[in-house]
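K.L.:
This is the content of run39.txt (compact mmCIF, C-alpha atoms):
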```txt
# COMPACT_ATOMS: atom_id res chain seq x y z
CA MET A 9 20.36 45.91 -56.05
CA THR A 10 17.03 46.22 -54.24
CA ILE A 11 16.93 48.88 -51.54
CA HIS A 12 13.61 49.56 -49.87
CA PRO A 13 12.73 53.27 -50.04
CA THR A 14 12.50 53.51 -46.24
CA ALA A 15 16.04 52.15 -45.68
CA LEU A 16 18.73 54.62 -44.60
CA VAL A 17 21.92 53.93 -46.51
CA ALA A 18 24.80 56.35 -45.95
CA GLU A 19 26.78 57.67 -48.88
CA GLY A 20 29.92 55.61 -49.28
CA ALA A 21 28.44 52.24 -48.28
CA GLU A 22 29.50 49.51 -50.72
CA ILE A 23 26.53 47.33 -51.61
CA HIS A 24 26.77 44.63 -54.28
CA PRO A 25 24.21 44.99 -57.10
CA THR A 26 22.62 41.65 -56.14
CA ALA A 27 22.17 42.50 -52.46
CA GLN A 28 18.76 43.27 -50.95
CA ILE A 29 18.13 45.84 -48.23
CA GLY A 30 14.84 45.66 -46.36
CA PRO A 31 12.57 48.38 -44.96
CA TYR A 32 13.94 50.70 -42.28
CA ALA A 33 17.36 49.07 -42.33
CA VAL A 34 20.21 51.42 -41.37
CA ILE A 35 23.61 51.06 -43.07
CA ASP A 36 26.64 53.23 -42.24
CA ALA A 37 29.11 54.67 -44.72
CA GLN A 38 31.94 52.20 -43.98
CA VAL A 39 29.82 49.09 -44.46
CA ALA A 40 30.50 46.70 -47.36
CA ILE A 41 27.90 44.08 -48.32
CA GLY A 42 28.65 41.20 -50.69
CA GLU A 43 26.63 39.60 -53.44
CA ASP A 44 23.25 37.99 -52.78
CA THR A 45 23.26 39.06 -49.13
CA GLU A 46 19.87 40.01 -47.70
CA VAL A 47 19.48 42.58 -44.92
CA GLY A 48 16.13 42.37 -43.14
CA ALA A 49 13.81 45.06 -41.86
CA HIS A 50 15.14 47.33 -39.11
CA ALA A 51 18.58 45.69 -39.11
CA VAL A 52 21.47 48.03 -38.25
CA LEU A 53 24.89 47.66 -39.87
CA ALA A 54 27.30 50.13 -38.32
CA GLY A 55 30.94 51.09 -38.28
CA HIS A 56 33.66 49.51 -40.39
CA THR A 57 31.82 46.29 -41.20
CA SER A 58 32.48 43.90 -44.10
CA ILE A 59 29.91 41.21 -44.91
CA GLY A 60 30.49 38.52 -47.51
CA LYS A 61 28.26 36.63 -49.92
CA ARG A 62 24.84 35.02 -49.48
CA ASN A 63 24.34 36.01 -45.87
CA ARG A 64 20.83 36.30 -44.48
CA ILE A 65 20.58 39.04 -41.86
CA HIS A 66 17.17 38.94 -40.23
CA PRO A 67 15.10 41.81 -38.78
CA PHE A 68 16.48 43.82 -35.87
CA ALA A 69 19.96 42.34 -35.99
CA SER A 70 22.71 44.76 -34.94
CA ILE A 71 26.16 44.33 -36.48
CA GLY A 72 29.25 46.49 -36.08
CA GLY A 73 28.14 48.56 -33.12
CA PRO A 74 30.70 49.87 -30.62
CA PRO A 75 32.02 47.33 -28.10
CA GLN A 76 30.70 47.22 -24.56
CA ASP A 77 34.16 48.06 -23.27
CA LEU A 78 34.76 51.11 -21.06
CA LYS A 79 38.23 51.54 -22.58
CA TYR A 80 36.83 52.00 -26.09
CA GLN A 81 37.20 55.60 -27.29
CA GLY A 82 35.72 55.41 -30.77
CA GLU A 83 38.76 53.96 -32.55
CA ASP A 84 38.32 52.68 -36.11
CA THR A 85 38.00 48.97 -35.44
CA ARG A 86 36.18 46.38 -37.52
CA VAL A 87 33.76 43.51 -37.94
CA LEU A 88 34.52 40.92 -40.63
CA ILE A 89 31.86 38.35 -41.59
CA GLY A 90 32.28 35.58 -44.16
CA ASP A 91 29.76 33.89 -46.45
CA ASP A 92 26.52 31.89 -46.11
CA ASN A 93 25.70 32.87 -42.54
CA GLN A 94 22.22 32.94 -41.04
CA ILE A 95 22.07 35.84 -38.57
CA ARG A 96 18.68 35.76 -36.89
CA GLU A 97 16.54 38.30 -35.09
CA TYR A 98 18.17 40.56 -32.48
CA VAL A 99 21.64 39.06 -32.87
CA SER A 100 24.35 41.54 -31.85
CA ILE A 101 27.94 41.51 -33.10
CA HIS A 102 30.26 44.25 -31.83
CA ARG A 103 33.41 45.57 -33.47
CA GLY A 104 36.90 45.00 -32.05
CA THR A 105 39.08 47.11 -29.81
CA VAL A 106 42.60 48.49 -30.19
CA THR A 107 43.62 46.64 -27.03
CA GLY A 108 42.48 43.37 -28.62
CA ARG A 109 42.59 42.03 -32.17
CA GLY A 110 41.07 45.20 -33.57
CA VAL A 111 38.52 43.09 -35.42
CA THR A 112 35.66 40.78 -34.52
CA THR A 113 35.61 37.90 -36.99
CA VAL A 114 32.80 35.52 -37.90
CA GLY A 115 33.55 32.82 -40.46
CA SER A 116 31.21 31.16 -42.95
CA GLY A 117 28.22 28.84 -42.81
CA ASN A 118 27.25 29.74 -39.25
CA LEU A 119 23.78 29.79 -37.70
CA LEU A 120 23.44 32.51 -35.08
CA MET A 121 20.00 32.11 -33.55
CA ALA A 122 17.87 34.88 -32.07
CA TYR A 123 19.36 37.05 -29.32
CA SER A 124 22.80 35.46 -29.50
CA HIS A 125 25.71 37.86 -28.89
CA ILE A 126 29.29 38.03 -30.15
CA ALA A 127 31.37 40.56 -28.23
CA HIS A 128 34.41 42.56 -29.30
CA ASP A 129 37.53 40.85 -30.65
CA CYS A 130 35.95 37.39 -30.80
CA LEU A 131 37.04 34.90 -33.44
CA VAL A 132 34.27 32.53 -34.52
CA GLY A 133 35.10 29.79 -37.01
CA ASP A 134 33.00 28.09 -39.67
CA GLN A 135 29.83 25.99 -39.36
CA VAL A 136 29.19 27.11 -35.78
CA ILE A 137 25.72 26.98 -34.25
CA MET A 138 24.88 29.44 -31.49
CA ALA A 139 21.40 28.69 -30.17
CA ASN A 140 19.04 31.31 -28.77
CA GLY A 141 20.63 33.59 -26.20
CA ALA A 142 24.14 32.13 -26.42
CA THR A 143 26.65 34.81 -25.41
CA LEU A 144 30.36 35.26 -26.04
CA GLY A 145 32.39 37.63 -23.87
CA GLY A 146 35.21 39.63 -25.42
CA HIS A 147 38.22 37.93 -27.05
CA VAL A 148 36.57 34.47 -27.10
CA VAL A 149 37.77 31.98 -29.74
CA ILE A 150 35.28 29.43 -31.08
CA GLY A 151 36.58 26.62 -33.31
CA ASP A 152 34.90 25.21 -36.40
CA HIS A 153 31.75 23.09 -36.07
CA VAL A 154 31.12 24.04 -32.44
CA ASN A 155 27.55 23.77 -31.16
CA LEU A 156 26.56 26.13 -28.34
CA SER A 157 23.16 25.28 -26.90
CA GLY A 158 20.64 27.80 -25.64
CA MET A 159 21.68 30.38 -23.03
CA VAL A 160 25.31 29.27 -22.93
CA ALA A 161 27.59 32.03 -21.61
CA ILE A 162 31.32 32.02 -22.31
CA HIS A 163 33.74 34.10 -20.24
CA GLN A 164 36.06 36.54 -21.98
CA PHE A 165 39.34 35.16 -23.35
CA SER A 166 38.09 31.55 -23.21
CA ARG A 167 38.54 29.10 -26.08
CA VAL A 168 36.18 26.38 -27.28
CA GLY A 169 37.81 23.73 -29.47
CA ALA A 170 36.50 22.46 -32.79
CA PHE A 171 33.63 19.96 -32.95
CA SER A 172 32.75 20.40 -29.31
CA TYR A 173 29.19 20.54 -27.98
CA ILE A 174 28.20 22.69 -25.00
CA GLY A 175 24.99 21.80 -23.16
CA GLY A 176 22.29 24.38 -22.55
CA MET A 177 22.55 26.93 -19.71
CA SER A 178 26.26 26.21 -19.26
CA GLY A 179 28.65 28.87 -17.96
CA ILE A 180 32.13 28.48 -19.45
CA SER A 181 35.02 30.03 -17.54
CA LYS A 182 37.85 27.78 -18.80
CA ASP A 183 38.95 26.50 -22.19
CA VAL A 184 36.90 23.60 -23.53
CA PRO A 185 38.94 21.04 -25.52
CA PRO A 186 37.97 20.04 -29.06
CA PHE A 187 35.81 16.98 -29.84
CA VAL A 188 34.10 16.82 -26.43
CA ILE A 189 30.71 17.34 -24.84
CA ALA A 190 30.68 19.69 -21.86
CA THR A 191 27.98 20.94 -19.53
CA GLY A 192 27.73 22.80 -16.23
CA VAL A 193 28.40 26.20 -14.73
CA ARG A 194 31.87 27.45 -13.82
CA ASP A 195 33.34 25.18 -11.11
CA GLN A 196 30.69 22.58 -11.88
CA LEU A 197 31.60 22.44 -15.57
CA ARG A 198 32.28 18.85 -16.61
CA ILE A 199 33.37 16.92 -19.68
CA THR A 200 30.86 14.12 -20.24
CA GLY A 201 32.48 12.35 -23.18
CA ILE A 202 33.61 12.79 -26.75
CA ASN A 203 31.18 14.18 -29.31
CA LYS A 204 30.77 10.87 -31.15
CA ILE A 205 27.57 11.81 -32.96
CA GLY A 206 28.95 15.12 -34.17
CA LEU A 207 32.17 13.51 -35.40
CA LYS A 208 30.26 10.78 -37.23
CA ARG A 209 27.98 13.32 -38.88
CA HIS A 210 31.00 15.16 -40.21
CA GLY A 211 32.49 12.06 -41.78
CA PHE A 212 35.26 11.10 -39.39
CA ALA A 213 36.30 7.46 -39.68
CA ASN A 214 35.07 5.09 -36.98
CA GLU A 215 38.66 3.98 -36.33
CA ASP A 216 39.72 7.57 -35.62
CA ILE A 217 36.77 8.10 -33.29
CA LEU A 218 37.59 4.90 -31.40
CA THR A 219 41.24 5.94 -31.11
CA LEU A 220 40.18 9.36 -29.85
CA GLY A 221 38.01 7.60 -27.26
CA ARG A 222 41.01 5.63 -25.98
CA ALA A 223 43.09 8.79 -25.75
CA PHE A 224 40.19 10.49 -23.98
CA THR A 225 40.30 7.78 -21.31
CA THR A 226 44.02 8.37 -20.81
CA ILE A 227 43.63 12.15 -20.53
CA PHE A 228 40.38 12.52 -18.61
CA ARG A 229 39.87 9.30 -16.66
CA THR A 230 43.23 8.69 -15.02
CA ASN A 231 44.94 10.22 -12.01
CA LEU A 232 47.96 11.33 -13.99
CA VAL A 233 48.88 15.01 -13.91
CA LEU A 234 47.88 16.71 -17.13
CA ASN A 235 51.25 16.86 -18.86
CA GLU A 236 51.93 13.21 -18.09
CA ALA A 237 48.52 12.22 -19.41
CA LEU A 238 49.06 14.21 -22.61
CA ASP A 239 52.51 12.67 -23.13
CA LYS A 240 51.09 9.20 -22.64
CA ALA A 241 48.17 9.76 -25.04
CA LEU A 242 50.48 11.10 -27.74
CA ALA A 243 52.92 8.24 -27.27
CA GLU A 244 50.13 5.63 -27.46
CA PHE A 245 48.42 7.14 -30.53
CA PRO A 246 51.04 9.12 -32.45
CA ASP A 247 49.38 8.68 -35.86
CA CYS A 248 45.87 9.90 -35.03
CA ARG A 249 45.29 13.50 -36.11
CA LEU A 250 42.40 13.96 -33.69
CA VAL A 251 44.56 12.95 -30.73
CA THR A 252 47.35 15.29 -31.86
CA GLU A 253 44.92 18.22 -32.17
CA LEU A 254 43.44 17.48 -28.75
CA VAL A 255 46.88 17.35 -27.11
CA GLU A 256 48.07 20.53 -28.85
CA PHE A 257 44.97 22.43 -27.76
CA MET A 258 45.34 21.36 -24.15
CA ARG A 259 49.03 22.32 -24.13
CA ALA A 260 48.52 25.76 -25.63
CA PRO A 261 48.91 28.74 -23.30
CA ASN A 262 45.65 29.76 -21.69
CA ARG A 263 44.47 32.30 -19.18
CA PHE A 264 42.08 30.30 -17.00
CA GLY A 265 43.10 26.69 -17.56
CA VAL A 266 41.42 23.92 -19.52
CA VAL A 267 38.42 21.87 -18.41
CA ARG A 268 39.43 18.37 -17.37
CA LYS A 269 36.82 17.35 -14.81
CA TYR A 270 34.94 14.32 -16.04
CA ASP A 271 31.46 12.92 -15.39
CA ALA A 272 30.33 9.83 -17.30
CA ASP A 273 27.32 10.29 -19.55
CA ASP A 274 25.06 7.69 -21.11
CA GLN A 275 26.88 7.34 -24.42
```
Taking this structure as input, can you express it in the form of structure tokens?
P.N.:
Amino acid sequence: MTIHPTALVAEGAEIHPTAQIGPYAVIDAQVAIGEDTEVGAHAVLAGHTSIGKRNRIHPFASIGGPPQDLKYQGEDTRVLIGDDNQIREYVSIHRGTVTGRGVTTVGSGNLLMAYSHIAHDCLVGDQVIMANGATLGGHVVIGDHVNLSGMVAIHQFSRVGAFSYIGGMSGISKDVPPFVIATGVRDQLRITGINKIGLKRHGFANEDILTLGRAFTTIFRTNLVLNEALDKALAEFPDCRLVTELVEFMRAPNRFGVVRKYDADDQ
């Protein structure tokens, strides 16, 4: 391994022989760092934090610090990070709480841009992009392949479904379904369509995207109450996996409700 002589690495830290630790980095005793991971200058890795393979942690990132939760009393909670993540400058990821999951989890292949924040007990999937300043409150769940634009703020306990795209400066206070584009702040939050470009880029068949679009019309552009609209969409398109996933997400228990307001975009 390569550890810069100015780095502070506590006895007991587990660092793979192929890892690289930059100048003035600080690494606590309970930290584990996987192979080929690079930790940049002045980065701080604290608490019970496990980091996988081939991650790039840029200068001044802070991972595993105590949660910003007044109930937290120093319990031994964790941060778990997968492989192949880009964690840019000044990103902060806080460990879990005993009143939550006990662990904050970040998957693999994610790009966390500068100043983005992942609070305690969050669950972030794979291939997620969080642009500069995007912020997750505690207990937020982010599905795979979600794109959060700059300065997006997501309220605690909210969910964002897979392959969705959230427009910049949005404030999310309800669950956002998978496969959609959403933008707006709180009561003005709107669904503007399905994320056709994102789905095409990830190899979904045109037929499935068209079917999802028809189900979208049934769910979001009719006057049916939600459960009736979901029943109708599932009955009309029972063999489309995307429709099934959309319906299941919208039927799952949630704390604040799911976004259904619709404004047409220019797709």
K.L.:
Show me as a PyMOL selection string the residues that reach within 12 Å of (31.0, 35.3, -32.9), counting all atoms listed in the file and using the file's own coordinates.
P.N.:
chain A and resi 71-72+87-90+93+95+99-104+111-116+118-121+124-139+142-152+154+156+162+167-168
K.L.:
Got a sec: who's within 10 Å of Pro13 in chain A, counting all atoms listed in the file, leaving out chain neighbours fewer than 5 positions off, as a PyMOL selection string?
P.N.:
chain A and resi 29-33
K.L.:
List as a tab-separated table every residue of range 235-271 of chain A that is in contact with range 204-212 of chain A, defined as an atom at most 12 Å from one of its atoms (using all atoms listed in the file), together with the nearest atom pair and the distance in Å rounded to one decimal, sorted by chain and then rising number.
P.N.:
```
residue	atom	partner	partner_atom	distance
A:Cys248	CA	A:Phe212	CA	11.5
A:Arg249	CA	A:Phe212	CA	10.8
A:Leu250	CA	A:Phe212	CA	9.6
```
K.L.:
Please compute the CA of Ser178 in chain A-CA of Arg198 in chain A distance, one decimal, in Å.
P.N.:
9.9 Å
K.L.:
Could you state the separation of CA of Asp195 in chain A and CA of Ile217 in chain A in Å, given to one decimal place?
P.N.:
28.2 Å
K.L.:
Quick check, in Å to one decimal: how far apart do CA of Thr85 in chain A and CA of Thr107 in chain A lie?
P.N.:
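Interatomic distance here is 10.4 Å.
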K.L.:
Find the residues with any atom within 8 Å of (41.4, 11.1, -26.8); use only C-alpha atoms and the coordinates as given in the file, and write the answer as a VMD selection string.
P.N.:
chain A and resid 202 219 to 227 241 250 to 251 254
K.L.:
For C-alpha atoms, I'd like the residues from the last selection saved as an mmCIF file, in the frame of the given file.
P.N.:
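Once everything was written out, this is selection08.cif:
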```
data_model
loop_
_atom_site.group_PDB
_atom_site.id
_atom_site.type_symbol
_atom_site.label_atom_id
_atom_site.label_comp_id
_atom_site.auth_asym_id
_atom_site.auth_seq_id
_atom_site.Cartn_x
_atom_site.Cartn_y
_atom_site.Cartn_z
ATOM 1 C CA ILE A 202 33.610 12.790 -26.750
ATOM 2 C CA THR A 219 41.240 5.940 -31.110
ATOM 3 C CA LEU A 220 40.180 9.360 -29.850
ATOM 4 C CA GLY A 221 38.010 7.600 -27.260
ATOM 5 C CA ARG A 222 41.010 5.630 -25.980
ATOM 6 C CA ALA A 223 43.090 8.790 -25.750
ATOM 7 C CA PHE A 224 40.190 10.490 -23.980
ATOM 8 C CA THR A 225 40.300 7.780 -21.310
ATOM 9 C CA THR A 226 44.020 8.370 -20.810
ATOM 10 C CA ILE A 227 43.630 12.150 -20.530
ATOM 11 C CA ALA A 241 48.170 9.760 -25.040
ATOM 12 C CA LEU A 250 42.400 13.960 -33.690
ATOM 13 C CA VAL A 251 44.560 12.950 -30.730
ATOM 14 C CA LEU A 254 43.440 17.480 -28.750
#
```
K.L.:
Set up a box along x, y and z of the file covering all listed atoms of range 202-215 of chain A, add 4 Å on every one of the six sides, and write the centre and edge lengths in Å to one decimal, as AutoDock Vina command-line options.
P.N.:
```
--center_x 33.1 --center_y 9.6 --center_z -34.3 --size_x 19.1 --size_y 19.2 --size_z 23.0
```
K.L.:
Between A:Tyr123, A:His24, A:Gln38, A:Leu16, which one has atoms that come closest to Val52 in chain A, using only C-alpha atoms?
P.N.:
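Closest to Val52 in chain A of all the choices is A:Leu16.
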K.L.:
Please list as a ChimeraX atom specification every residue within 10 Å of Asn235 in chain A, counting all atoms listed in the file and excluding residues in the same chain fewer than 4 positions away.
P.N.:
/A:227,239-241,255,258-259
